[in-house]
$ cat upload_31.cif   # mmCIF, C-alpha atoms and all ligand atoms
data_model
loop_
_atom_site.label_atom_id
_atom_site.label_comp_id
_atom_site.auth_asym_id
_atom_site.auth_seq_id
_atom_site.Cartn_x
_atom_site.Cartn_y
_atom_site.Cartn_z
CA MET A 467 -19.53 14.23 -2.15
CA ARG A 468 -18.46 15.96 -5.37
CA ILE A 469 -15.27 14.65 -6.91
CA ALA A 470 -13.33 16.25 -9.78
CA LEU A 471 -11.59 13.31 -11.47
CA GLY A 472 -8.65 14.25 -13.70
CA VAL A 473 -7.65 11.54 -16.16
CA GLY A 474 -4.10 11.62 -17.56
CA GLY A 475 -2.77 10.20 -20.81
CA GLY A 476 -1.55 6.69 -20.19
CA ILE A 477 -2.71 3.16 -20.84
CA ALA A 478 -4.12 3.08 -17.29
CA ALA A 479 -6.71 5.70 -18.41
CA TYR A 480 -9.10 2.83 -19.13
CA LYS A 481 -9.01 1.93 -15.43
CA ALA A 482 -10.24 5.44 -14.62
CA ALA A 483 -13.58 4.43 -16.15
CA GLU A 484 -13.88 1.64 -13.57
CA LEU A 485 -12.86 4.12 -10.87
CA ALA A 486 -15.54 6.64 -11.97
CA ARG A 487 -18.16 3.87 -11.91
CA LEU A 488 -17.08 2.77 -8.43
CA LEU A 489 -17.18 6.31 -7.03
CA ILE A 490 -20.68 6.80 -8.41
CA GLN A 491 -21.72 3.43 -6.98
CA ARG A 492 -20.50 4.67 -3.60
CA GLY A 493 -22.82 7.65 -3.87
CA HIS A 494 -20.48 10.40 -5.11
CA GLN A 495 -20.96 12.85 -7.97
CA VAL A 496 -18.07 12.73 -10.44
CA GLN A 497 -16.94 15.45 -12.86
CA VAL A 498 -14.33 14.08 -15.26
CA ILE A 499 -11.61 16.24 -16.81
CA MET A 500 -9.53 14.55 -19.50
CA THR A 501 -6.14 15.75 -20.69
CA SER A 502 -5.54 15.66 -24.45
CA GLY A 503 -3.29 12.63 -23.89
CA ALA A 504 -6.06 10.76 -22.08
CA GLN A 505 -8.34 11.29 -25.08
CA GLU A 506 -5.90 9.28 -27.19
CA PHE A 507 -6.58 6.24 -24.97
CA ILE A 508 -10.30 6.46 -24.11
CA THR A 509 -13.18 8.62 -25.32
CA PRO A 510 -14.91 11.43 -23.39
CA LEU A 511 -18.20 9.68 -24.22
CA THR A 512 -17.27 6.72 -22.00
CA PHE A 513 -16.99 9.00 -18.96
CA ALA A 514 -20.01 11.10 -19.91
CA THR A 515 -22.09 7.90 -20.11
CA LEU A 516 -20.80 6.59 -16.77
CA THR A 517 -21.10 9.87 -14.86
CA GLY A 518 -24.15 11.38 -16.54
CA ARG A 519 -22.21 14.64 -16.90
CA LYS A 520 -20.37 16.36 -19.71
CA THR A 521 -16.68 15.40 -19.77
CA ILE A 522 -14.37 18.41 -19.78
CA THR A 523 -11.79 18.02 -22.53
CA GLY A 524 -9.97 21.34 -22.77
CA LEU A 525 -9.52 24.81 -21.41
CA PHE A 526 -11.31 26.47 -24.29
CA SER A 527 -13.56 23.62 -25.45
CA ASN A 528 -16.65 25.31 -24.05
CA VAL A 529 -15.87 28.88 -25.00
CA SER A 530 -17.91 30.40 -27.83
CA PRO A 531 -18.95 33.98 -28.61
CA GLU A 532 -22.16 33.26 -26.66
CA ALA A 533 -20.30 31.82 -23.65
CA THR A 534 -21.52 32.85 -20.24
CA LEU A 535 -19.03 33.97 -17.62
CA ALA A 536 -19.38 30.58 -15.84
CA SER A 537 -18.51 28.58 -18.93
CA ALA A 538 -15.66 30.91 -19.90
CA VAL A 539 -13.98 30.45 -16.53
CA GLU A 540 -15.13 26.86 -16.09
CA HIS A 541 -11.93 25.81 -14.28
CA ILE A 542 -12.80 28.27 -11.49
CA ALA A 543 -16.38 26.99 -11.31
CA VAL A 544 -15.20 23.34 -11.19
CA ALA A 545 -12.65 24.28 -8.49
CA GLN A 546 -15.40 25.84 -6.39
CA GLU A 547 -18.03 23.16 -6.94
CA ASN A 548 -15.99 20.09 -6.01
CA ASP A 549 -14.96 18.76 -2.60
CA ILE A 550 -11.84 16.92 -3.75
CA LEU A 551 -9.55 16.73 -6.77
CA LEU A 552 -8.49 13.22 -7.74
CA VAL A 553 -6.12 12.48 -10.61
CA ALA A 554 -5.88 8.90 -11.87
CA PRO A 555 -3.77 8.04 -13.68
CA ALA A 556 -1.43 10.88 -12.71
CA THR A 557 1.30 10.80 -15.35
CA ALA A 558 4.87 12.02 -14.83
CA ASN A 559 3.89 15.08 -16.89
CA ILE A 560 0.89 15.92 -14.69
CA MET A 561 2.94 15.48 -11.51
CA SER A 562 5.62 17.76 -12.95
CA HIS A 563 3.04 20.42 -13.92
CA PHE A 564 1.45 20.31 -10.47
CA ALA A 565 4.78 20.37 -8.63
CA HIS A 566 5.99 23.40 -10.59
CA GLY A 567 2.71 25.27 -10.90
CA LEU A 568 2.55 25.19 -14.70
CA ALA A 569 -0.96 25.88 -15.95
CA ASP A 570 -1.37 25.20 -19.66
CA ASP A 571 -4.47 22.99 -19.82
CA PHE A 572 -7.75 22.58 -17.95
CA LEU A 573 -6.48 20.11 -15.36
CA SER A 574 -3.33 22.02 -14.39
CA THR A 575 -5.29 25.30 -14.29
CA LEU A 576 -7.96 23.68 -12.14
CA TYR A 577 -5.23 22.38 -9.81
CA LEU A 578 -3.97 25.92 -9.13
CA ALA A 579 -7.49 27.23 -8.60
CA PHE A 580 -8.47 24.37 -6.29
CA THR A 581 -8.13 24.81 -2.52
CA GLY A 582 -9.46 21.45 -1.27
CA PRO A 583 -7.73 18.09 -0.72
CA VAL A 584 -5.87 16.50 -3.65
CA VAL A 585 -5.34 12.77 -4.22
CA LEU A 586 -2.98 11.58 -6.96
CA ALA A 587 -2.69 7.99 -8.19
CA PRO A 588 0.45 7.85 -10.35
CA ALA A 589 0.94 5.32 -13.15
CA MET A 590 3.87 5.19 -15.54
CA ASN A 591 6.83 3.17 -16.76
CA VAL A 592 9.01 1.83 -13.94
CA ASN A 593 12.08 3.86 -14.99
CA MET A 594 10.02 7.04 -15.33
CA TRP A 595 8.66 6.44 -11.83
CA ALA A 596 12.14 5.81 -10.39
CA HIS A 597 13.70 8.86 -12.13
CA PRO A 598 15.00 11.41 -9.61
CA ALA A 599 12.93 14.15 -11.29
CA THR A 600 9.68 12.20 -10.76
CA GLN A 601 10.67 11.25 -7.21
CA ALA A 602 11.47 14.91 -6.45
CA ASN A 603 8.03 15.93 -7.76
CA PHE A 604 6.47 13.13 -5.70
CA GLU A 605 8.20 14.52 -2.61
CA THR A 606 7.16 18.12 -3.35
CA LEU A 607 3.52 17.08 -3.79
CA THR A 608 3.54 14.93 -0.65
CA LYS A 609 5.09 17.76 1.37
CA ARG A 610 2.33 20.01 0.06
CA GLY A 611 -0.07 17.70 1.89
CA HIS A 612 -1.44 15.83 -1.13
CA VAL A 613 -2.18 12.13 -0.85
CA LEU A 614 -0.29 9.93 -3.28
CA VAL A 615 -1.66 6.43 -3.73
CA ALA A 616 1.65 4.74 -4.46
CA PRO A 617 1.79 2.64 -7.64
CA PRO A 618 2.01 -1.02 -6.71
CA GLU A 619 4.52 -3.32 -8.28
CA GLY A 620 3.52 -5.57 -11.16
CA PHE A 621 3.68 -6.29 -14.86
CA LEU A 622 3.45 -3.04 -16.82
CA ALA A 623 2.01 -2.43 -20.27
CA CYS A 624 5.52 -1.49 -21.48
CA GLY A 625 6.59 -5.09 -20.80
CA MET A 626 8.65 -4.26 -17.71
CA THR A 627 7.97 -5.33 -14.14
CA GLY A 628 8.19 -3.05 -11.11
CA PRO A 629 6.34 -0.21 -9.38
CA GLY A 630 4.38 1.91 -11.87
CA ARG A 631 0.95 0.27 -12.21
CA LEU A 632 -2.13 2.29 -11.30
CA ALA A 633 -3.37 1.23 -7.85
CA GLU A 634 -6.59 -0.77 -7.74
CA PRO A 635 -9.71 1.42 -8.22
CA ALA A 636 -11.05 0.29 -4.80
CA ASP A 637 -7.83 1.39 -3.08
CA ILE A 638 -7.96 4.78 -4.82
CA ALA A 639 -11.64 5.20 -3.89
CA ASP A 640 -10.77 4.31 -0.26
CA ALA A 641 -8.02 6.93 -0.23
CA VAL A 642 -10.46 9.55 -1.52
CA GLU A 643 -13.06 8.65 1.09
CA ARG A 644 -10.46 8.72 3.86
CA GLU A 645 -9.52 12.26 2.79
CA LEU A 646 -13.16 13.29 2.78
CA ASN A 647 -13.94 11.64 6.13
CA PRO A 648 -10.64 11.27 7.95
CA VAL A 649 -10.67 8.62 10.69
CA SER A 650 -8.12 9.21 13.42
CA ASP A 651 -8.87 6.32 15.76
CA TYR A 652 -5.14 5.44 15.82
CA ALA A 653 -4.02 8.96 16.81
CA ASP A 654 -2.82 7.73 20.23
CA GLU A 655 -1.09 4.61 18.90
CA THR A 656 2.50 3.85 17.99
CA VAL A 657 2.46 0.76 15.83
CA LEU A 658 5.52 -1.33 15.07
CA ILE A 659 5.02 -3.42 11.93
CA THR A 660 7.42 -5.94 10.42
CA ALA A 661 7.07 -6.73 6.72
CA GLY A 662 8.63 -8.64 3.86
CA PRO A 663 10.98 -11.61 3.89
CA THR A 664 14.36 -12.00 5.54
CA GLU A 665 17.44 -13.19 3.68
CA GLU A 666 19.83 -15.56 5.44
CA PRO A 667 23.25 -15.71 3.77
CA VAL A 668 24.60 -19.06 2.63
CA ASP A 669 27.83 -17.62 1.22
CA PRO A 670 28.79 -14.10 0.03
CA VAL A 671 26.46 -14.33 -3.01
CA ARG A 672 23.64 -16.72 -2.04
CA PHE A 673 20.87 -16.61 0.54
CA LEU A 674 17.81 -18.49 1.88
CA SER A 675 14.57 -16.54 1.65
CA ASN A 676 10.88 -16.82 0.71
CA ARG A 677 8.27 -15.29 -1.58
CA SER A 678 7.01 -12.50 0.67
CA SER A 679 6.63 -9.26 -1.30
CA GLY A 680 5.95 -7.05 1.72
CA LYS A 681 2.53 -5.99 0.32
CA MET A 682 0.52 -7.11 3.36
CA GLY A 683 2.86 -5.42 5.85
CA TYR A 684 3.09 -2.21 3.80
CA ALA A 685 -0.72 -2.12 3.49
CA LEU A 686 -0.93 -2.33 7.28
CA ALA A 687 1.61 0.49 7.60
CA GLN A 688 -0.30 2.71 5.14
CA GLU A 689 -3.63 2.04 6.82
CA ALA A 690 -2.27 2.68 10.36
CA LEU A 691 -0.67 5.89 9.10
CA ASN A 692 -3.93 7.04 7.50
CA ARG A 693 -5.74 6.45 10.77
CA GLY A 694 -3.35 8.72 12.62
CA ALA A 695 -0.79 6.30 14.08
CA ARG A 696 2.93 6.82 14.37
CA VAL A 697 4.28 3.85 12.42
CA ILE A 698 7.64 2.12 12.73
CA LEU A 699 8.06 -0.16 9.73
CA ILE A 700 10.82 -2.75 10.00
CA SER A 701 11.18 -4.22 6.57
CA GLY A 702 13.11 -7.02 4.96
CA PRO A 703 14.30 -6.54 1.35
CA VAL A 704 11.29 -5.68 -0.87
CA ALA A 705 10.71 -3.75 -4.08
CA LEU A 706 8.03 -1.48 -2.61
CA THR A 707 8.10 2.23 -1.82
CA ALA A 708 7.48 2.72 1.90
CA PRO A 709 4.47 4.91 2.72
CA ARG A 710 5.57 8.51 3.29
CA GLY A 711 5.62 9.33 6.97
CA VAL A 712 6.61 5.94 8.40
CA ASP A 713 9.85 5.49 10.35
CA LEU A 714 11.44 2.91 8.07
CA ILE A 715 14.16 0.55 9.29
CA GLN A 716 15.52 -1.75 6.59
CA VAL A 717 16.99 -5.07 7.65
CA ARG A 718 18.16 -8.20 5.91
CA THR A 719 18.43 -11.16 8.28
CA ALA A 720 16.19 -12.55 11.04
CA GLN A 721 18.81 -11.51 13.61
CA GLU A 722 18.88 -7.93 12.25
CA MET A 723 15.06 -7.84 12.35
CA HIS A 724 15.11 -9.14 15.92
CA ASP A 725 17.61 -6.47 17.01
CA ALA A 726 15.70 -3.67 15.25
CA VAL A 727 12.38 -4.77 16.82
CA PHE A 728 13.76 -4.93 20.36
CA ALA A 729 15.59 -1.60 19.95
CA SER A 730 12.35 0.11 18.83
CA LEU A 731 9.88 -1.03 21.50
CA ASP A 732 10.02 2.11 23.62
CA GLY A 733 6.63 3.85 23.52
CA VAL A 734 5.10 1.23 21.22
CA THR A 735 1.43 0.37 21.86
CA MET A 736 1.00 -2.34 19.21
CA VAL A 737 3.32 -4.82 17.48
CA ILE A 738 2.22 -6.52 14.25
CA LYS A 739 4.58 -9.26 13.08
CA CYS A 740 3.64 -9.65 9.44
CA ALA A 741 7.15 -10.42 8.18
CA ALA A 742 7.86 -13.84 6.74
CA VAL A 743 10.97 -14.49 8.80
CA SER A 744 13.20 -17.31 7.59
CA ASP A 745 12.89 -20.22 9.98
CA PHE A 746 16.43 -21.46 9.25
CA GLN A 747 19.88 -20.03 8.66
CA ALA A 748 23.14 -21.65 7.60
CA ALA A 749 25.05 -22.94 10.65
CA SER A 750 28.20 -21.40 9.22
CA VAL A 751 28.75 -18.98 6.33
CA PRO A 752 32.00 -19.34 4.39
CA ALA A 753 33.93 -16.17 3.57
CA GLU A 754 34.40 -17.28 -0.06
CA LYS A 755 31.77 -18.20 -2.65
CA MET A 756 31.05 -21.94 -2.59
CA LYS A 757 32.39 -23.63 -5.72
CA LYS A 758 30.06 -25.47 -8.05
CA THR A 759 30.34 -29.22 -7.66
CA THR A 760 28.77 -32.08 -9.53
CA ALA A 761 28.52 -34.19 -6.39
CA ASN A 762 25.59 -33.95 -3.97
CA PHE A 763 26.31 -31.98 -0.85
CA SER A 764 24.50 -31.21 2.40
CA MET A 765 24.33 -27.99 4.30
CA GLU A 766 23.76 -27.72 8.02
CA LEU A 767 20.91 -25.39 8.92
CA GLU A 768 19.98 -24.11 12.36
CA PRO A 769 16.80 -22.34 13.51
CA THR A 770 16.75 -18.54 13.40
CA VAL A 771 15.73 -16.55 16.44
CA ASP A 772 11.89 -16.68 16.84
CA ILE A 773 11.16 -12.97 17.18
CA LEU A 774 7.43 -13.39 17.81
CA ALA A 775 7.97 -16.00 20.53
CA GLU A 776 10.51 -13.71 22.22
CA LEU A 777 8.06 -10.81 22.03
CA GLY A 778 5.40 -13.04 23.59
CA ARG A 779 7.76 -13.89 26.45
CA ALA A 780 8.76 -10.24 26.98
CA LYS A 781 5.20 -9.03 26.59
CA GLY A 782 4.64 -5.49 27.86
CA ASP A 783 1.36 -3.59 27.75
CA TRP A 784 1.36 -3.47 23.95
CA VAL A 785 -1.04 -5.53 21.87
CA LEU A 786 0.83 -8.34 20.11
CA VAL A 787 -0.44 -9.50 16.71
CA GLY A 788 1.28 -12.39 14.93
CA PHE A 789 0.62 -13.96 11.55
CA ALA A 790 0.37 -17.62 10.61
CA ALA A 791 1.14 -18.66 7.04
CA GLU A 792 -0.26 -22.16 6.61
CA THR A 793 -0.89 -24.64 3.82
CA GLY A 794 -3.71 -26.39 5.73
CA ASN A 795 -5.54 -26.59 9.12
CA LEU A 796 -5.57 -22.78 9.17
CA GLU A 797 -7.71 -22.07 12.21
CA GLN A 798 -6.22 -24.90 14.26
CA GLU A 799 -2.64 -23.77 13.54
CA ALA A 800 -3.52 -20.13 14.20
CA LYS A 801 -4.99 -21.10 17.59
CA ARG A 802 -1.85 -23.10 18.41
CA LYS A 803 0.40 -20.12 17.57
CA LEU A 804 -1.84 -17.75 19.56
CA ALA A 805 -1.28 -19.83 22.70
CA GLU A 806 2.34 -20.91 22.11
CA LYS A 807 3.59 -17.41 21.25
CA ASN A 808 1.44 -15.58 23.84
CA CYS A 809 -0.19 -13.30 21.26
CA ASP A 810 -3.40 -11.27 21.52
CA MET A 811 -4.33 -12.08 17.93
CA ILE A 812 -3.10 -14.30 15.11
CA VAL A 813 -3.92 -13.42 11.51
CA GLY A 814 -4.03 -16.75 9.69
CA ASN A 815 -3.72 -16.97 5.92
CA LEU A 816 -3.40 -19.82 3.49
CA VAL A 817 -0.25 -19.81 1.38
CA GLY A 818 1.36 -22.25 -1.05
CA THR A 819 -1.24 -23.24 -3.60
CA SER A 820 -3.49 -20.31 -2.67
CA THR A 821 -3.79 -17.33 -5.05
CA THR A 822 -3.91 -15.03 -2.03
CA GLY A 823 -1.11 -14.62 0.53
CA PHE A 824 2.46 -14.35 -0.78
CA GLY A 825 2.93 -11.77 -3.54
CA SER A 826 -0.76 -11.30 -4.34
CA ASP A 827 -2.62 -7.97 -4.10
CA GLU A 828 -5.38 -9.77 -2.22
CA ASN A 829 -5.68 -11.85 0.90
CA GLU A 830 -8.26 -13.89 2.76
CA VAL A 831 -7.64 -14.36 6.47
CA VAL A 832 -8.98 -15.56 9.80
CA LEU A 833 -8.52 -13.35 12.85
CA VAL A 834 -8.06 -15.63 15.85
CA THR A 835 -8.22 -14.15 19.36
CA LYS A 836 -8.82 -15.69 22.79
CA SER A 837 -12.51 -14.91 22.39
CA GLY A 838 -13.07 -16.47 18.97
CA THR A 839 -12.44 -16.48 15.24
CA THR A 840 -13.55 -13.94 12.63
CA GLU A 841 -13.33 -14.74 8.93
CA VAL A 842 -12.30 -11.94 6.59
CA PRO A 843 -13.28 -12.91 3.05
CA ARG A 844 -11.04 -12.31 0.05
CA ALA A 845 -10.36 -8.58 -0.41
CA THR A 846 -7.49 -6.27 -1.31
CA LYS A 847 -4.65 -6.29 1.21
CA ARG A 848 -5.60 -2.71 2.04
CA GLU A 849 -9.13 -3.78 3.01
CA VAL A 850 -7.80 -6.75 4.97
CA ALA A 851 -5.36 -4.40 6.76
CA GLU A 852 -8.30 -2.18 7.70
CA ARG A 853 -10.11 -5.13 9.31
CA ILE A 854 -6.98 -6.29 11.16
CA LEU A 855 -6.38 -2.81 12.59
CA THR A 856 -10.00 -2.40 13.66
CA GLU A 857 -9.89 -5.73 15.52
CA ALA A 858 -6.48 -4.96 17.05
CA LEU A 859 -7.73 -1.60 18.32
CA THR A 860 -10.68 -3.29 20.02
CA LEU A 861 -8.18 -5.57 21.82
CA ARG A 862 -6.10 -2.55 22.81
CA HIS A 863 -9.10 -0.76 24.31
CA ALA A 864 -10.07 -3.95 26.15
CA SER A 865 -6.57 -4.41 27.64
O1 LIG B 1 4.43 -10.12 1.95
P1 LIG B 1 3.26 -10.57 1.09
O2 LIG B 1 3.68 -11.06 -0.26
O3 LIG B 1 2.18 -9.53 1.04
O4 LIG B 1 2.63 -11.86 1.80
C1 LIG B 1 2.02 -11.74 3.05
C2 LIG B 1 2.38 -12.91 3.96
C3 LIG B 1 1.81 -14.19 3.39
C4 LIG B 1 3.91 -13.03 4.11
C5 LIG B 1 1.76 -12.56 5.38
O5 LIG B 1 0.38 -12.45 5.24
C6 LIG B 1 2.11 -13.63 6.40
O6 LIG B 1 1.49 -14.66 6.52
N1 LIG B 1 3.20 -13.37 7.22
C7 LIG B 1 3.76 -14.31 8.17
C8 LIG B 1 4.61 -15.33 7.45
C9 LIG B 1 5.25 -16.33 8.42
O7 LIG B 1 6.43 -16.28 8.62
O8 LIG B 1 4.39 -17.12 9.01
P2 LIG B 1 4.82 -18.30 10.04
O9 LIG B 1 3.56 -19.05 10.28
O10 LIG B 1 5.99 -19.03 9.50
O11 LIG B 1 5.27 -17.50 11.33
C10 LIG B 1 4.36 -17.20 12.38
C11 LIG B 1 4.69 -15.86 13.01
O12 LIG B 1 5.97 -15.94 13.63
C12 LIG B 1 4.74 -14.69 12.05
O13 LIG B 1 4.16 -13.58 12.68
C13 LIG B 1 6.23 -14.45 11.86
O14 LIG B 1 6.52 -13.08 11.62
C14 LIG B 1 6.80 -14.90 13.18
N2 LIG B 1 8.18 -15.43 13.13
C15 LIG B 1 8.44 -16.57 12.42
C16 LIG B 1 9.71 -17.10 12.43
C17 LIG B 1 10.73 -16.42 13.16
N3 LIG B 1 11.95 -16.87 13.17
N4 LIG B 1 10.44 -15.29 13.83
C18 LIG B 1 9.18 -14.78 13.83
O15 LIG B 1 8.91 -13.75 14.45
#
$ encode --input "upload_31.cif" --output "structure tokens" --more "lines below"
Ligand code: PMT
Amino acid sequence: MRIALGVGGGIAAYKAAELARLLIQRGHQVQVIMTSGAQEFITPLTFATLTGRKTITGLFSNVSPEATLASAVEHIAVAQENDILLVAPATANIMSHFAHGLADDFLSTLYLAFTGPVVLAPAMNVNMWAHPATQANFETLTKRGHVLVAPPEGFLACGMTGPGRLAEPADIADAVERELNPVSDYADETVLITAGPTEEPVDPVRFLSNRSSGKMGYALAQEALNRGARVILISGPVALTAPRGVDLIQVRTAQEMHDAVFASLDGVTMVIKCAAVSDFQAASVPAEKMKKTTANFSMELEPTVDILAELGRAKGDWVLVGFAAETGNLEQEAKRKLAEKNCDMIVGNLVGTSTTGFGSDENEVVLVTKSGTTEVPRATKREVAERILTEALTLRHAS
């Protein structure tokens, strides 16, 4: 396929080179258009070398007295020649231009002339991303039907931490390919996904929780959505932006998650329990903040409600997928949970000392079903989500 790749002016522009290389490796033809800002960060020659094509650097860069009609109206030719317009990194400025139809450089002019699918991968400072103006532009562009590959959370070049990083090149390339070849094998499914940690209060200001970032659950939600599912996402407190189009229910405690899950089961065809639910809660929660003391003290903890086990007991005709977060004996523990919690599949992952699992952008899992175990090697959480959903759909068709 032919991809017009717009590169915006931000430090993430260097990652666009990796993205261009990946798209070419996957068999696509890539025409790069750089904004003037992008040229401050990386040279047109880098992209020309990687793509084997001239990099477009400006609206009038190709216009001379001898210009042919095609080169004089190059933005129209590029709009007609390409199957998809991808912008990575999409800066706040580019998003604003696109949202408001301003056309004062090659990329924004191309955008207005282009009638095919548009994929934008934003990258910017966390406060710029969170600003109501940027979020309003984000909403306008999403409503227009464009795909936005949400910026994941992480350490940013500006020294801050939060959402704003450019998504991984492989995830952006996947999003482009999904737009070009949409798969809708989940069109008949309603998938309920739980994600993130729970927080169990200890007193009015303290809580028990864990390191779950929600990335795995949100990747599942995005992937199910892309494949045509209706998605109900029940999420503990996380710092992620929920994929546009999911029915989001935000909860805090295990009990709240339990109640939200059981209130949402009507019409559901698949339940995926990815949340890292606290196993314990304080037996009693004082109304006042506990005072600091120099003496040791003990706190009585009691088990939280086991949502997955209750789902297994109540099992309807939906496919039930649980997770197992283990620090050893992965397959054995996953098999035990499969039987004990009456699940159709357990996704086992190593946590603790592992660099995958909690908080990471990658995971490495085993998919344990009654008919055997499949290993999914280390990959982005998006790719792992894709494998989980494919396996879960096979179980659904077999049921
Ligand atoms: O969120 P990330 O940073 O991306 O990290 C992803 C992850 C490591 C959290 C995820 O891949 C994962 O392993 N999720 C399950 C974590 C967990 O709670 O595992 P567990 O082995 O303790 O629980 C087994 C299953 O029972 C899970 O499906 C869990 O949702 C469920 N459970 C557990 C306790 C409880 N009280 N109620 C439950 O429903």
$ atom_distance --input "upload_31.cif" --atom1 "atom O3 of ligand LIG 1 (chain B)" --atom2 "atom CA of A:Asn815"
10.7 Å
$ residues_around --input "upload_31.cif" --residues "A:Glu643" --least-positions-apart "2" --cutoff "10 Å" --atoms "only C-alpha atoms" --output "list in words"
Met467, Leu489, Arg492, His494, Ile550, Asp637, Ile638, Ala639, Asp640, Ala641, Glu645, Leu646, Asn647, Pro648 and Val649 of chain A
$ residues_around --input "upload_31.cif" --residues "stretch 689-693 of chain A" --least-positions-apart "2" --cutoff "6 Å" --atoms "only C-alpha atoms" --output "list in words"
Val649, Ser650, Asp651, Tyr652, Leu686, Ala687 and Ala695 of chain A
$ residues_near_point --input "upload_31.cif" --point "(0.2, 24.9, -9.8)" --cutoff "8 Å" --atoms "all atoms listed in the file" --output "PyMOL selection string"
chain A and resi 563-569+574-575+577-578
$ residues_near_ligand --input "upload_31.cif" --ligand "ligand LIG 1 (chain B)" --cutoff "6 Å" --atoms "all atoms listed in the file" --output "list of chain:residue names"
A:Gly662, A:Ser678, A:Ser679, A:Gly680, A:Lys681, A:Met682, A:Lys739, A:Cys740, A:Ala741, A:Ala742, A:Val743, A:Ser744, A:Asp745, A:Thr770, A:Val771, A:Asp772, A:Ile773, A:Leu774, A:Gly788, A:Phe789, A:Ala790, A:Ala791, A:Asn815, A:Gly823, A:Phe824, A:Gly825
$ atom_distance --input "upload_31.cif" --atom1 "atom CA of A:Gly702" --atom2 "atom CA of A:Ser730"
15.6 Å
$ closest_atom_pairs --input "upload_31.cif" --of "stretch 649-760 of chain A" --to "stretch 781-784 of chain A" --cutoff "9 Å" --atoms "only C-alpha atoms" --output "CSV"
residue,atom,partner,partner_atom,distance
A:Val734,CA,A:Trp784,CA,6.6
A:Thr735,CA,A:Trp784,CA,4.4
A:Met736,CA,A:Trp784,CA,4.9
A:Val737,CA,A:Trp784,CA,6.9
$ closest_residue --input "upload_31.cif" --among "A:Phe526, A:Val585, A:Pro843, A:Ala864" --to "A:Val539" --atoms "all atoms listed in the file"
A:Phe526
